[in-house]
>>> print(open('query_22.pdb').read())   # PDB, C-alpha atoms
ATOM      1  CA  MET A 906      74.485  11.177   1.956  1.00  0.00           C
ATOM      2  CA  ALA A 907      70.812  10.439   2.590  1.00  0.00           C
ATOM      3  CA  THR A 908      69.938   6.810   2.912  1.00  0.00           C
ATOM      4  CA  THR A 909      66.654   5.029   2.435  1.00  0.00           C
ATOM      5  CA  GLN A 910      65.728   1.384   2.718  1.00  0.00           C
ATOM      6  CA  GLY A 911      64.354  -0.786  -0.054  1.00  0.00           C
ATOM      7  CA  LEU A 912      63.726  -4.400  -0.966  1.00  0.00           C
ATOM      8  CA  ASP A 913      64.587  -6.633  -3.914  1.00  0.00           C
ATOM      9  CA  VAL A 914      61.459  -8.720  -4.531  1.00  0.00           C
ATOM     10  CA  SER A 915      60.846 -11.737  -6.770  1.00  0.00           C
ATOM     11  CA  ILE A 916      59.094 -15.098  -6.715  1.00  0.00           C
ATOM     12  CA  TRP A 917      61.670 -16.183  -4.112  1.00  0.00           C
ATOM     13  CA  GLN A 918      59.841 -14.017  -1.533  1.00  0.00           C
ATOM     14  CA  GLY A 919      56.502 -15.706  -2.281  1.00  0.00           C
ATOM     15  CA  TYR A 920      53.179 -14.583  -3.725  1.00  0.00           C
ATOM     16  CA  ASN A 921      51.554 -12.750  -0.827  1.00  0.00           C
ATOM     17  CA  ILE A 922      53.811  -9.970   0.398  1.00  0.00           C
ATOM     18  CA  ASP A 923      51.909  -7.453   2.520  1.00  0.00           C
ATOM     19  CA  PHE A 924      53.375  -4.235   1.142  1.00  0.00           C
ATOM     20  CA  ASN A 925      51.411  -2.147   3.654  1.00  0.00           C
ATOM     21  CA  LYS A 926      53.419  -3.879   6.418  1.00  0.00           C
ATOM     22  CA  VAL A 927      56.591  -3.344   4.385  1.00  0.00           C
ATOM     23  CA  LYS A 928      55.888   0.400   4.186  1.00  0.00           C
ATOM     24  CA  ALA A 929      54.939   0.552   7.884  1.00  0.00           C
ATOM     25  CA  ALA A 930      58.320  -1.034   8.684  1.00  0.00           C
ATOM     26  CA  GLY A 931      60.092   1.966   7.132  1.00  0.00           C
ATOM     27  CA  ILE A 932      60.817   0.541   3.690  1.00  0.00           C
ATOM     28  CA  ASN A 933      60.419   3.256   1.037  1.00  0.00           C
ATOM     29  CA  PHE A 934      60.901   1.392  -2.232  1.00  0.00           C
ATOM     30  CA  VAL A 935      60.927  -2.000  -3.911  1.00  0.00           C
ATOM     31  CA  ILE A 936      62.797  -3.181  -6.970  1.00  0.00           C
ATOM     32  CA  LEU A 937      60.789  -5.993  -8.531  1.00  0.00           C
ATOM     33  CA  ARG A 938      62.193  -8.730 -10.684  1.00  0.00           C
ATOM     34  CA  ALA A 939      60.147  -8.548 -13.871  1.00  0.00           C
ATOM     35  CA  GLY A 940      61.732 -11.731 -15.209  1.00  0.00           C
ATOM     36  CA  PHE A 941      64.770 -13.256 -16.864  1.00  0.00           C
ATOM     37  CA  GLY A 942      66.014 -14.444 -20.227  1.00  0.00           C
ATOM     38  CA  LYS A 943      64.709 -13.725 -23.705  1.00  0.00           C
ATOM     39  CA  TYR A 944      61.130 -15.029 -23.694  1.00  0.00           C
ATOM     40  CA  ILE A 945      57.996 -13.421 -22.266  1.00  0.00           C
ATOM     41  CA  SER A 946      57.184 -16.818 -20.723  1.00  0.00           C
ATOM     42  CA  GLN A 947      60.094 -16.076 -18.348  1.00  0.00           C
ATOM     43  CA  LYS A 948      58.267 -13.131 -16.782  1.00  0.00           C
ATOM     44  CA  ASP A 949      58.314 -13.452 -12.992  1.00  0.00           C
ATOM     45  CA  PRO A 950      54.899 -14.877 -12.028  1.00  0.00           C
ATOM     46  CA  THR A 951      54.725 -12.546  -9.013  1.00  0.00           C
ATOM     47  CA  PHE A 952      55.578  -9.362 -10.931  1.00  0.00           C
ATOM     48  CA  GLU A 953      52.066  -8.155 -11.751  1.00  0.00           C
ATOM     49  CA  GLY A 954      50.679  -8.758  -8.263  1.00  0.00           C
ATOM     50  CA  ASN A 955      53.748  -7.314  -6.558  1.00  0.00           C
ATOM     51  CA  TYR A 956      53.596  -4.225  -8.771  1.00  0.00           C
ATOM     52  CA  LYS A 957      49.905  -3.583  -8.010  1.00  0.00           C
ATOM     53  CA  ARG A 958      50.221  -4.151  -4.257  1.00  0.00           C
ATOM     54  CA  ALA A 959      53.447  -2.124  -3.915  1.00  0.00           C
ATOM     55  CA  LYS A 960      51.897   0.815  -5.788  1.00  0.00           C
ATOM     56  CA  ALA A 961      48.689   0.564  -3.715  1.00  0.00           C
ATOM     57  CA  ALA A 962      50.801   0.704  -0.534  1.00  0.00           C
ATOM     58  CA  GLY A 963      52.458   3.909  -1.751  1.00  0.00           C
ATOM     59  CA  LEU A 964      55.930   2.465  -2.261  1.00  0.00           C
ATOM     60  CA  ASN A 965      58.283   3.733  -4.953  1.00  0.00           C
ATOM     61  CA  VAL A 966      58.797   0.967  -7.510  1.00  0.00           C
ATOM     62  CA  GLY A 967      61.575  -0.040  -9.878  1.00  0.00           C
ATOM     63  CA  ALA A 968      62.207  -3.278 -11.751  1.00  0.00           C
ATOM     64  CA  TYR A 969      65.003  -5.456 -13.097  1.00  0.00           C
ATOM     65  CA  TRP A 970      65.556  -8.114 -15.728  1.00  0.00           C
ATOM     66  CA  TYR A 971      68.002 -10.953 -15.018  1.00  0.00           C
ATOM     67  CA  SER A 972      70.179 -11.537 -18.076  1.00  0.00           C
ATOM     68  CA  TYR A 973      71.422 -14.764 -19.584  1.00  0.00           C
ATOM     69  CA  ALA A 974      72.434 -13.068 -22.860  1.00  0.00           C
ATOM     70  CA  GLN A 975      75.313 -14.715 -24.719  1.00  0.00           C
ATOM     71  CA  SER A 976      75.318 -12.328 -27.676  1.00  0.00           C
ATOM     72  CA  GLU A 977      74.315  -8.831 -28.679  1.00  0.00           C
ATOM     73  CA  ALA A 978      71.221 -10.296 -30.381  1.00  0.00           C
ATOM     74  CA  ASP A 979      70.230 -12.084 -27.153  1.00  0.00           C
ATOM     75  CA  THR A 980      70.630  -8.800 -25.272  1.00  0.00           C
ATOM     76  CA  LYS A 981      68.374  -6.929 -27.705  1.00  0.00           C
ATOM     77  CA  GLN A 982      65.778  -9.684 -27.371  1.00  0.00           C
ATOM     78  CA  GLU A 983      65.961  -9.550 -23.559  1.00  0.00           C
ATOM     79  CA  ALA A 984      65.489  -5.772 -23.636  1.00  0.00           C
ATOM     80  CA  ASP A 985      62.479  -6.120 -25.961  1.00  0.00           C
ATOM     81  CA  VAL A 986      60.890  -8.739 -23.703  1.00  0.00           C
ATOM     82  CA  PHE A 987      61.507  -6.568 -20.620  1.00  0.00           C
ATOM     83  CA  MET A 988      59.709  -3.705 -22.400  1.00  0.00           C
ATOM     84  CA  GLN A 989      56.755  -6.038 -23.032  1.00  0.00           C
ATOM     85  CA  ALA A 990      56.702  -7.114 -19.373  1.00  0.00           C
ATOM     86  CA  ILE A 991      56.615  -3.531 -18.042  1.00  0.00           C
ATOM     87  CA  LYS A 992      54.351  -2.010 -20.696  1.00  0.00           C
ATOM     88  CA  GLY A 993      51.823   0.449 -19.281  1.00  0.00           C
ATOM     89  CA  LYS A 994      53.535   0.702 -15.897  1.00  0.00           C
ATOM     90  CA  THR A 995      55.170   3.710 -14.278  1.00  0.00           C
ATOM     91  CA  PHE A 996      58.291   3.623 -12.145  1.00  0.00           C
ATOM     92  CA  GLU A 997      59.754   6.012  -9.604  1.00  0.00           C
ATOM     93  CA  MET A 998      63.002   4.060  -9.324  1.00  0.00           C
ATOM     94  CA  PRO A 999      65.421   2.992 -12.077  1.00  0.00           C
ATOM     95  CA  LEU A1000      65.012  -0.071 -14.241  1.00  0.00           C
ATOM     96  CA  TYR A1001      68.011  -2.372 -14.018  1.00  0.00           C
ATOM     97  CA  PHE A1002      69.916  -4.764 -16.246  1.00  0.00           C
ATOM     98  CA  ASP A1003      70.888  -7.608 -13.888  1.00  0.00           C
ATOM     99  CA  LEU A1004      74.286  -8.998 -14.906  1.00  0.00           C
ATOM    100  CA  GLU A1005      75.454 -11.973 -12.816  1.00  0.00           C
ATOM    101  CA  GLU A1006      76.270 -14.963 -15.005  1.00  0.00           C
ATOM    102  CA  ASN A1007      79.846 -16.287 -15.127  1.00  0.00           C
ATOM    103  CA  THR A1008      79.287 -17.305 -18.759  1.00  0.00           C
ATOM    104  CA  GLN A1009      78.905 -13.579 -19.487  1.00  0.00           C
ATOM    105  CA  PHE A1010      81.868 -12.504 -17.344  1.00  0.00           C
ATOM    106  CA  ASN A1011      84.015 -15.155 -19.036  1.00  0.00           C
ATOM    107  CA  LYS A1012      83.511 -13.271 -22.321  1.00  0.00           C
ATOM    108  CA  GLY A1013      85.397 -10.301 -20.846  1.00  0.00           C
ATOM    109  CA  THR A1014      85.083  -6.580 -20.308  1.00  0.00           C
ATOM    110  CA  ALA A1015      84.331  -5.561 -23.886  1.00  0.00           C
ATOM    111  CA  PHE A1016      81.422  -8.020 -24.078  1.00  0.00           C
ATOM    112  CA  CYS A1017      79.958  -7.186 -20.658  1.00  0.00           C
ATOM    113  CA  SER A1018      80.239  -3.450 -21.247  1.00  0.00           C
ATOM    114  CA  LYS A1019      78.661  -3.781 -24.697  1.00  0.00           C
ATOM    115  CA  ILE A1020      75.636  -5.795 -23.562  1.00  0.00           C
ATOM    116  CA  THR A1021      75.116  -3.392 -20.653  1.00  0.00           C
ATOM    117  CA  GLU A1022      75.093  -0.484 -23.099  1.00  0.00           C
ATOM    118  CA  ILE A1023      72.719  -2.301 -25.481  1.00  0.00           C
ATOM    119  CA  PHE A1024      70.213  -3.152 -22.752  1.00  0.00           C
ATOM    120  CA  CYS A1025      70.425   0.137 -20.856  1.00  0.00           C
ATOM    121  CA  GLY A1026      70.431   2.077 -24.125  1.00  0.00           C
ATOM    122  CA  ALA A1027      67.143   0.396 -25.074  1.00  0.00           C
ATOM    123  CA  LEU A1028      65.681   1.408 -21.697  1.00  0.00           C
ATOM    124  CA  GLU A1029      66.779   5.012 -22.173  1.00  0.00           C
ATOM    125  CA  LYS A1030      65.460   5.080 -25.733  1.00  0.00           C
ATOM    126  CA  ASN A1031      62.072   4.160 -24.279  1.00  0.00           C
ATOM    127  CA  GLY A1032      62.233   6.959 -21.709  1.00  0.00           C
ATOM    128  CA  TYR A1033      63.309   4.983 -18.649  1.00  0.00           C
ATOM    129  CA  PHE A1034      66.034   5.724 -16.107  1.00  0.00           C
ATOM    130  CA  ALA A1035      68.464   2.851 -16.722  1.00  0.00           C
ATOM    131  CA  GLY A1036      70.744   1.106 -14.286  1.00  0.00           C
ATOM    132  CA  LEU A1037      73.051  -1.867 -13.876  1.00  0.00           C
ATOM    133  CA  TYR A1038      72.767  -4.387 -11.033  1.00  0.00           C
ATOM    134  CA  ILE A1039      76.044  -6.231 -10.522  1.00  0.00           C
ATOM    135  CA  SER A1040      78.328  -7.442  -7.750  1.00  0.00           C
ATOM    136  CA  ARG A1041      81.231  -5.173  -6.855  1.00  0.00           C
ATOM    137  CA  SER A1042      84.026  -7.483  -7.964  1.00  0.00           C
ATOM    138  CA  PRO A1043      82.616  -8.187 -11.464  1.00  0.00           C
ATOM    139  CA  LEU A1044      81.786  -4.492 -11.803  1.00  0.00           C
ATOM    140  CA  GLN A1045      85.439  -3.648 -11.218  1.00  0.00           C
ATOM    141  CA  GLN A1046      86.690  -6.466 -13.473  1.00  0.00           C
ATOM    142  CA  TYR A1047      84.200  -6.664 -16.348  1.00  0.00           C
ATOM    143  CA  ILE A1048      82.562  -3.264 -16.815  1.00  0.00           C
ATOM    144  CA  SER A1049      84.584  -0.430 -18.310  1.00  0.00           C
ATOM    145  CA  ALA A1050      84.781   2.762 -16.262  1.00  0.00           C
ATOM    146  CA  SER A1051      83.101   4.707 -19.059  1.00  0.00           C
ATOM    147  CA  THR A1052      80.155   2.265 -19.133  1.00  0.00           C
ATOM    148  CA  ALA A1053      79.829   2.265 -15.336  1.00  0.00           C
ATOM    149  CA  LYS A1054      79.572   6.072 -15.334  1.00  0.00           C
ATOM    150  CA  LYS A1055      76.680   6.078 -17.834  1.00  0.00           C
ATOM    151  CA  TYR A1056      74.091   4.286 -15.706  1.00  0.00           C
ATOM    152  CA  ALA A1057      72.689   4.117 -12.187  1.00  0.00           C
ATOM    153  CA  LEU A1058      74.661   1.452 -10.331  1.00  0.00           C
ATOM    154  CA  TRP A1059      73.068  -0.962  -7.884  1.00  0.00           C
ATOM    155  CA  ILE A1060      75.958  -2.816  -6.295  1.00  0.00           C
ATOM    156  CA  ALA A1061      75.583  -6.229  -4.715  1.00  0.00           C
ATOM    157  CA  GLU A1062      78.094  -6.585  -1.925  1.00  0.00           C
ATOM    158  CA  TYR A1063      77.197  -8.541   1.162  1.00  0.00           C
ATOM    159  CA  ASN A1064      79.258  -6.660   3.709  1.00  0.00           C
ATOM    160  CA  THR A1065      78.806  -4.043   6.420  1.00  0.00           C
ATOM    161  CA  LYS A1066      79.813  -1.333   3.932  1.00  0.00           C
ATOM    162  CA  CYS A1067      80.156  -0.937   0.205  1.00  0.00           C
ATOM    163  CA  ASN A1068      83.787  -1.126  -0.889  1.00  0.00           C
ATOM    164  CA  TYR A1069      83.259   0.195  -4.403  1.00  0.00           C
ATOM    165  CA  GLY A1070      85.366   3.319  -4.947  1.00  0.00           C
ATOM    166  CA  GLY A1071      83.191   4.886  -7.650  1.00  0.00           C
ATOM    167  CA  SER A1072      79.834   6.560  -7.327  1.00  0.00           C
ATOM    168  CA  TYR A1073      76.734   4.393  -7.086  1.00  0.00           C
ATOM    169  CA  GLY A1074      73.036   4.819  -6.425  1.00  0.00           C
ATOM    170  CA  MET A1075      72.224   1.705  -4.399  1.00  0.00           C
ATOM    171  CA  TRP A1076      74.072  -0.903  -2.446  1.00  0.00           C
TER     172      TRP A1076
END
>>> encode(input="query_22.pdb", output="structure tokens")
Amino acid sequence: MATTQGLDVSIWQGYNIDFNKVKAAGINFVILRAGFGKYISQKDPTFEGNYKRAKAAGLNVGAYWYSYAQSEADTKQEADVFMQAIKGKTFEMPLYFDLEENTQFNKGTAFCSKITEIFCGALEKNGYFAGLYISRSPLQQYISASTAKKYALWIAEYNTKCNYGGSYGMW
């Protein structure tokens, strides 16, 4: 399996990342947080600048939207707002639905699988390569196997190796 290195970038890394230095260090791609929640006002304030500088440095770019959805309607609204945030941009890497909230996991597998399919389905309907960002344990507990197989998986697991038994795109 070929491996390549990438970065997850958001406001938490600051406003002035030198993406030319990032590329020179052997990093090939960045996944940018576009924002979170269901309002365009929740767009990550560093997204536009990070997108422009990463592209100018020749990095492959993807993006993600952090979800707080508590219903199917919330999920549809989050997907619509994500589409607004990324309008007019091109991506070489997948676009991810970021599912991390315990309030979502507490609603169970059927709920988590359904909102993943709603959000990722909206991405696909708009011509994007859709993925799910989630930690390994919640992936195994709260996402059905059939849903997990539909989308690119980006697994969060802070370990020396990924212990997820299924196929995945990023770890």
>>> residues_around(input="query_22.pdb", residues="region 1066-1068 of chain A", least_positions_apart="6", cutoff="10 Å", atoms="only C-alpha atoms", output="ChimeraX atom specification")
/A:1041-1042,1060,1075-1076
>>> residues_near_point(input="query_22.pdb", point="(56.3, 3.6, -12.4)", cutoff="8 Å", atoms="only C-alpha atoms", output="PyMOL selection string")
chain A and resi 965-967+994-998
>>> resolve_selection(input="query_22.pdb", expression="the PyMOL selection byres ((chain A and resi 1048) around 12)", output="PDB file with C-alpha atoms, in the frame of the given file")
ATOM      1  CA  LEU A1004      74.286  -8.998 -14.906  1.00  0.00           C
ATOM      2  CA  GLU A1005      75.454 -11.973 -12.816  1.00  0.00           C
ATOM      3  CA  GLN A1009      78.905 -13.579 -19.487  1.00  0.00           C
ATOM      4  CA  PHE A1010      81.868 -12.504 -17.344  1.00  0.00           C
ATOM      5  CA  LYS A1012      83.511 -13.271 -22.321  1.00  0.00           C
ATOM      6  CA  GLY A1013      85.397 -10.301 -20.846  1.00  0.00           C
ATOM      7  CA  THR A1014      85.083  -6.580 -20.308  1.00  0.00           C
ATOM      8  CA  ALA A1015      84.331  -5.561 -23.886  1.00  0.00           C
ATOM      9  CA  PHE A1016      81.422  -8.020 -24.078  1.00  0.00           C
ATOM     10  CA  CYS A1017      79.958  -7.186 -20.658  1.00  0.00           C
ATOM     11  CA  SER A1018      80.239  -3.450 -21.247  1.00  0.00           C
ATOM     12  CA  LYS A1019      78.661  -3.781 -24.697  1.00  0.00           C
ATOM     13  CA  ILE A1020      75.636  -5.795 -23.562  1.00  0.00           C
ATOM     14  CA  THR A1021      75.116  -3.392 -20.653  1.00  0.00           C
ATOM     15  CA  GLU A1022      75.093  -0.484 -23.099  1.00  0.00           C
ATOM     16  CA  LEU A1037      73.051  -1.867 -13.876  1.00  0.00           C
ATOM     17  CA  TYR A1038      72.767  -4.387 -11.033  1.00  0.00           C
ATOM     18  CA  ILE A1039      76.044  -6.231 -10.522  1.00  0.00           C
ATOM     19  CA  SER A1040      78.328  -7.442  -7.750  1.00  0.00           C
ATOM     20  CA  ARG A1041      81.231  -5.173  -6.855  1.00  0.00           C
ATOM     21  CA  SER A1042      84.026  -7.483  -7.964  1.00  0.00           C
ATOM     22  CA  PRO A1043      82.616  -8.187 -11.464  1.00  0.00           C
ATOM     23  CA  LEU A1044      81.786  -4.492 -11.803  1.00  0.00           C
ATOM     24  CA  GLN A1045      85.439  -3.648 -11.218  1.00  0.00           C
ATOM     25  CA  GLN A1046      86.690  -6.466 -13.473  1.00  0.00           C
ATOM     26  CA  TYR A1047      84.200  -6.664 -16.348  1.00  0.00           C
ATOM     27  CA  SER A1049      84.584  -0.430 -18.310  1.00  0.00           C
ATOM     28  CA  ALA A1050      84.781   2.762 -16.262  1.00  0.00           C
ATOM     29  CA  SER A1051      83.101   4.707 -19.059  1.00  0.00           C
ATOM     30  CA  THR A1052      80.155   2.265 -19.133  1.00  0.00           C
ATOM     31  CA  ALA A1053      79.829   2.265 -15.336  1.00  0.00           C
ATOM     32  CA  LYS A1054      79.572   6.072 -15.334  1.00  0.00           C
ATOM     33  CA  LYS A1055      76.680   6.078 -17.834  1.00  0.00           C
ATOM     34  CA  TYR A1056      74.091   4.286 -15.706  1.00  0.00           C
ATOM     35  CA  LEU A1058      74.661   1.452 -10.331  1.00  0.00           C
TER      36      LEU A1058
END
>>> resolve_selection(input="query_22.pdb", expression="the PyMOL selection byres ((chain A and resi 1035) around 6)", output="PyMOL selection string")
chain A and resi 999-1001+1025+1028+1033-1034+1036+1056
>>> closest_residue(input="query_22.pdb", among="A:Phe1024, A:Asn925, A:Ala930, A:Arg958", to="Trp970 (chain A)", atoms="all atoms listed in the file")
A:Phe1024
>>> residues_near_point(input="query_22.pdb", point="(56.7, -15.3, -14.4)", cutoff="12 Å", atoms="all atoms listed in the file", output="MDAnalysis selection string")
chainID A and resid 915:917 920 937:942 944:955 970 987 990
>>> residues_around(input="query_22.pdb", residues="region 962-964 of chain A", least_positions_apart="2", cutoff="7 Å", atoms="all atoms listed in the file", output="list in words")
Phe924, Asn925, Lys928, Asn933, Phe934, Val935, Arg958, Ala959, Lys960 and Val966 of chain A
>>> atom_distance(input="query_22.pdb", atom1="CA of Ile936 (chain A)", atom2="CA of Asp913 (chain A)")
4.9 Å
>>> atom_distance(input="query_22.pdb", atom1="CA of Ala1027 (chain A)", atom2="CA of Ala984 (chain A)")
6.5 Å
>>> axis_aligned_box(input="query_22.pdb", around="region 945-957 of chain A", padding_each_side="6 Å", output="lines of an AutoDock Vina configuration file")
center_x = 55.0
center_y = -10.2
center_z = -14.4
size_x = 22.2
size_y = 25.2
size_z = 27.7
>>> closest_residue(input="query_22.pdb", among="A:Glu1029, A:Gly1070, A:Thr909, A:Lys943", to="Thr980 (chain A)", atoms="only C-alpha atoms")
A:Lys943
>>> atom_distance(input="query_22.pdb", atom1="CA of Val927 (chain A)", atom2="CA of Tyr956 (chain A)")
13.5 Å
>>> closest_residue(input="query_22.pdb", among="A:Gln982, A:Lys992, A:Val914, A:Glu1006", to="Tyr969 (chain A)", atoms="all atoms listed in the file")
A:Val914
>>> decode(input="query_22.pdb", residues="region 980-1055 of chain A", atoms="C-alpha atoms", output="PDB file, in the first residue's frame")
ATOM      1  CA  THR A 980     -27.954  17.389   8.453  1.00  0.00           C
ATOM      2  CA  LYS A 981     -29.500  18.645   5.206  1.00  0.00           C
ATOM      3  CA  GLN A 982     -28.929  22.222   6.352  1.00  0.00           C
ATOM      4  CA  GLU A 983     -25.290  21.478   7.240  1.00  0.00           C
ATOM      5  CA  ALA A 984     -24.739  19.915   3.811  1.00  0.00           C
ATOM      6  CA  ASP A 985     -26.299  22.949   2.095  1.00  0.00           C
ATOM      7  CA  VAL A 986     -24.101  25.345   4.073  1.00  0.00           C
ATOM      8  CA  PHE A 987     -20.992  23.272   3.280  1.00  0.00           C
ATOM      9  CA  MET A 988     -21.884  23.535  -0.426  1.00  0.00           C
ATOM     10  CA  GLN A 989     -22.099  27.327  -0.038  1.00  0.00           C
ATOM     11  CA  ALA A 990     -18.715  27.432   1.717  1.00  0.00           C
ATOM     12  CA  ILE A 991     -16.929  25.455  -1.025  1.00  0.00           C
ATOM     13  CA  LYS A 992     -18.731  26.931  -4.034  1.00  0.00           C
ATOM     14  CA  GLY A 993     -16.431  27.583  -6.988  1.00  0.00           C
ATOM     15  CA  LYS A 994     -13.555  25.547  -5.565  1.00  0.00           C
ATOM     16  CA  THR A 995     -11.984  22.380  -6.922  1.00  0.00           C
ATOM     17  CA  PHE A 996     -10.693  19.505  -4.831  1.00  0.00           C
ATOM     18  CA  GLU A 997      -8.279  16.680  -5.529  1.00  0.00           C
ATOM     19  CA  MET A 998      -9.052  14.925  -2.250  1.00  0.00           C
ATOM     20  CA  PRO A 999     -12.423  13.821  -0.840  1.00  0.00           C
ATOM     21  CA  LEU A1000     -14.821  16.059   1.025  1.00  0.00           C
ATOM     22  CA  TYR A1001     -15.638  14.704   4.466  1.00  0.00           C
ATOM     23  CA  PHE A1002     -18.560  14.651   6.867  1.00  0.00           C
ATOM     24  CA  ASP A1003     -16.911  14.994  10.296  1.00  0.00           C
ATOM     25  CA  LEU A1004     -18.894  12.997  12.865  1.00  0.00           C
ATOM     26  CA  GLU A1005     -17.567  13.279  16.435  1.00  0.00           C
ATOM     27  CA  GLU A1006     -20.273  14.452  18.824  1.00  0.00           C
ATOM     28  CA  ASN A1007     -21.427  12.147  21.638  1.00  0.00           C
ATOM     29  CA  THR A1008     -24.922  13.645  21.356  1.00  0.00           C
ATOM     30  CA  GLN A1009     -25.026  12.123  17.859  1.00  0.00           C
ATOM     31  CA  PHE A1010     -23.531   8.774  18.897  1.00  0.00           C
ATOM     32  CA  ASN A1011     -26.031   8.579  21.762  1.00  0.00           C
ATOM     33  CA  LYS A1012     -28.813   8.470  19.146  1.00  0.00           C
ATOM     34  CA  GLY A1013     -27.445   5.132  17.908  1.00  0.00           C
ATOM     35  CA  THR A1014     -26.350   3.381  14.751  1.00  0.00           C
ATOM     36  CA  ALA A1015     -29.471   3.972  12.673  1.00  0.00           C
ATOM     37  CA  PHE A1016     -29.290   7.730  13.294  1.00  0.00           C
ATOM     38  CA  CYS A1017     -25.539   8.061  12.702  1.00  0.00           C
ATOM     39  CA  SER A1018     -25.666   5.956   9.550  1.00  0.00           C
ATOM     40  CA  LYS A1019     -28.649   7.929   8.242  1.00  0.00           C
ATOM     41  CA  ILE A1020     -27.105  11.372   8.749  1.00  0.00           C
ATOM     42  CA  THR A1021     -23.858  10.159   7.169  1.00  0.00           C
ATOM     43  CA  GLU A1022     -25.811   8.996   4.123  1.00  0.00           C
ATOM     44  CA  ILE A1023     -27.777  12.268   3.938  1.00  0.00           C
ATOM     45  CA  PHE A1024     -24.667  14.450   4.097  1.00  0.00           C
ATOM     46  CA  CYS A1025     -22.450  12.296   1.882  1.00  0.00           C
ATOM     47  CA  GLY A1026     -25.331  11.726  -0.531  1.00  0.00           C
ATOM     48  CA  ALA A1027     -25.683  15.501  -0.930  1.00  0.00           C
ATOM     49  CA  LEU A1028     -21.948  15.744  -1.681  1.00  0.00           C
ATOM     50  CA  GLU A1029     -22.182  13.004  -4.300  1.00  0.00           C
ATOM     51  CA  LYS A1030     -25.278  14.565  -5.846  1.00  0.00           C
ATOM     52  CA  ASN A1031     -23.193  17.700  -6.360  1.00  0.00           C
ATOM     53  CA  GLY A1032     -20.382  15.752  -8.025  1.00  0.00           C
ATOM     54  CA  TYR A1033     -17.966  15.460  -5.108  1.00  0.00           C
ATOM     55  CA  PHE A1034     -16.076  12.430  -3.808  1.00  0.00           C
ATOM     56  CA  ALA A1035     -17.638  11.966  -0.362  1.00  0.00           C
ATOM     57  CA  GLY A1036     -16.080  10.623   2.792  1.00  0.00           C
ATOM     58  CA  LEU A1037     -16.642  10.176   6.509  1.00  0.00           C
ATOM     59  CA  TYR A1038     -14.181  11.341   9.173  1.00  0.00           C
ATOM     60  CA  ILE A1039     -14.726   9.474  12.432  1.00  0.00           C
ATOM     61  CA  SER A1040     -12.774   7.803  15.218  1.00  0.00           C
ATOM     62  CA  ARG A1041     -12.302   4.052  14.923  1.00  0.00           C
ATOM     63  CA  SER A1042     -14.352   3.055  17.954  1.00  0.00           C
ATOM     64  CA  PRO A1043     -17.474   5.088  17.028  1.00  0.00           C
ATOM     65  CA  LEU A1044     -17.100   3.906  13.433  1.00  0.00           C
ATOM     66  CA  GLN A1045     -17.300   0.309  14.627  1.00  0.00           C
ATOM     67  CA  GLN A1046     -20.149   1.034  17.066  1.00  0.00           C
ATOM     68  CA  TYR A1047     -22.342   3.627  15.343  1.00  0.00           C
ATOM     69  CA  ILE A1048     -21.938   3.297  11.576  1.00  0.00           C
ATOM     70  CA  SER A1049     -23.476   0.320   9.807  1.00  0.00           C
ATOM     71  CA  ALA A1050     -21.122  -1.791   7.703  1.00  0.00           C
ATOM     72  CA  SER A1051     -23.145  -1.008   4.585  1.00  0.00           C
ATOM     73  CA  THR A1052     -22.840   2.757   5.201  1.00  0.00           C
ATOM     74  CA  ALA A1053     -19.112   2.513   5.952  1.00  0.00           C
ATOM     75  CA  LYS A1054     -18.532   0.742   2.622  1.00  0.00           C
ATOM     76  CA  LYS A1055     -20.241   3.517   0.622  1.00  0.00           C
TER      77      LYS A1055
END
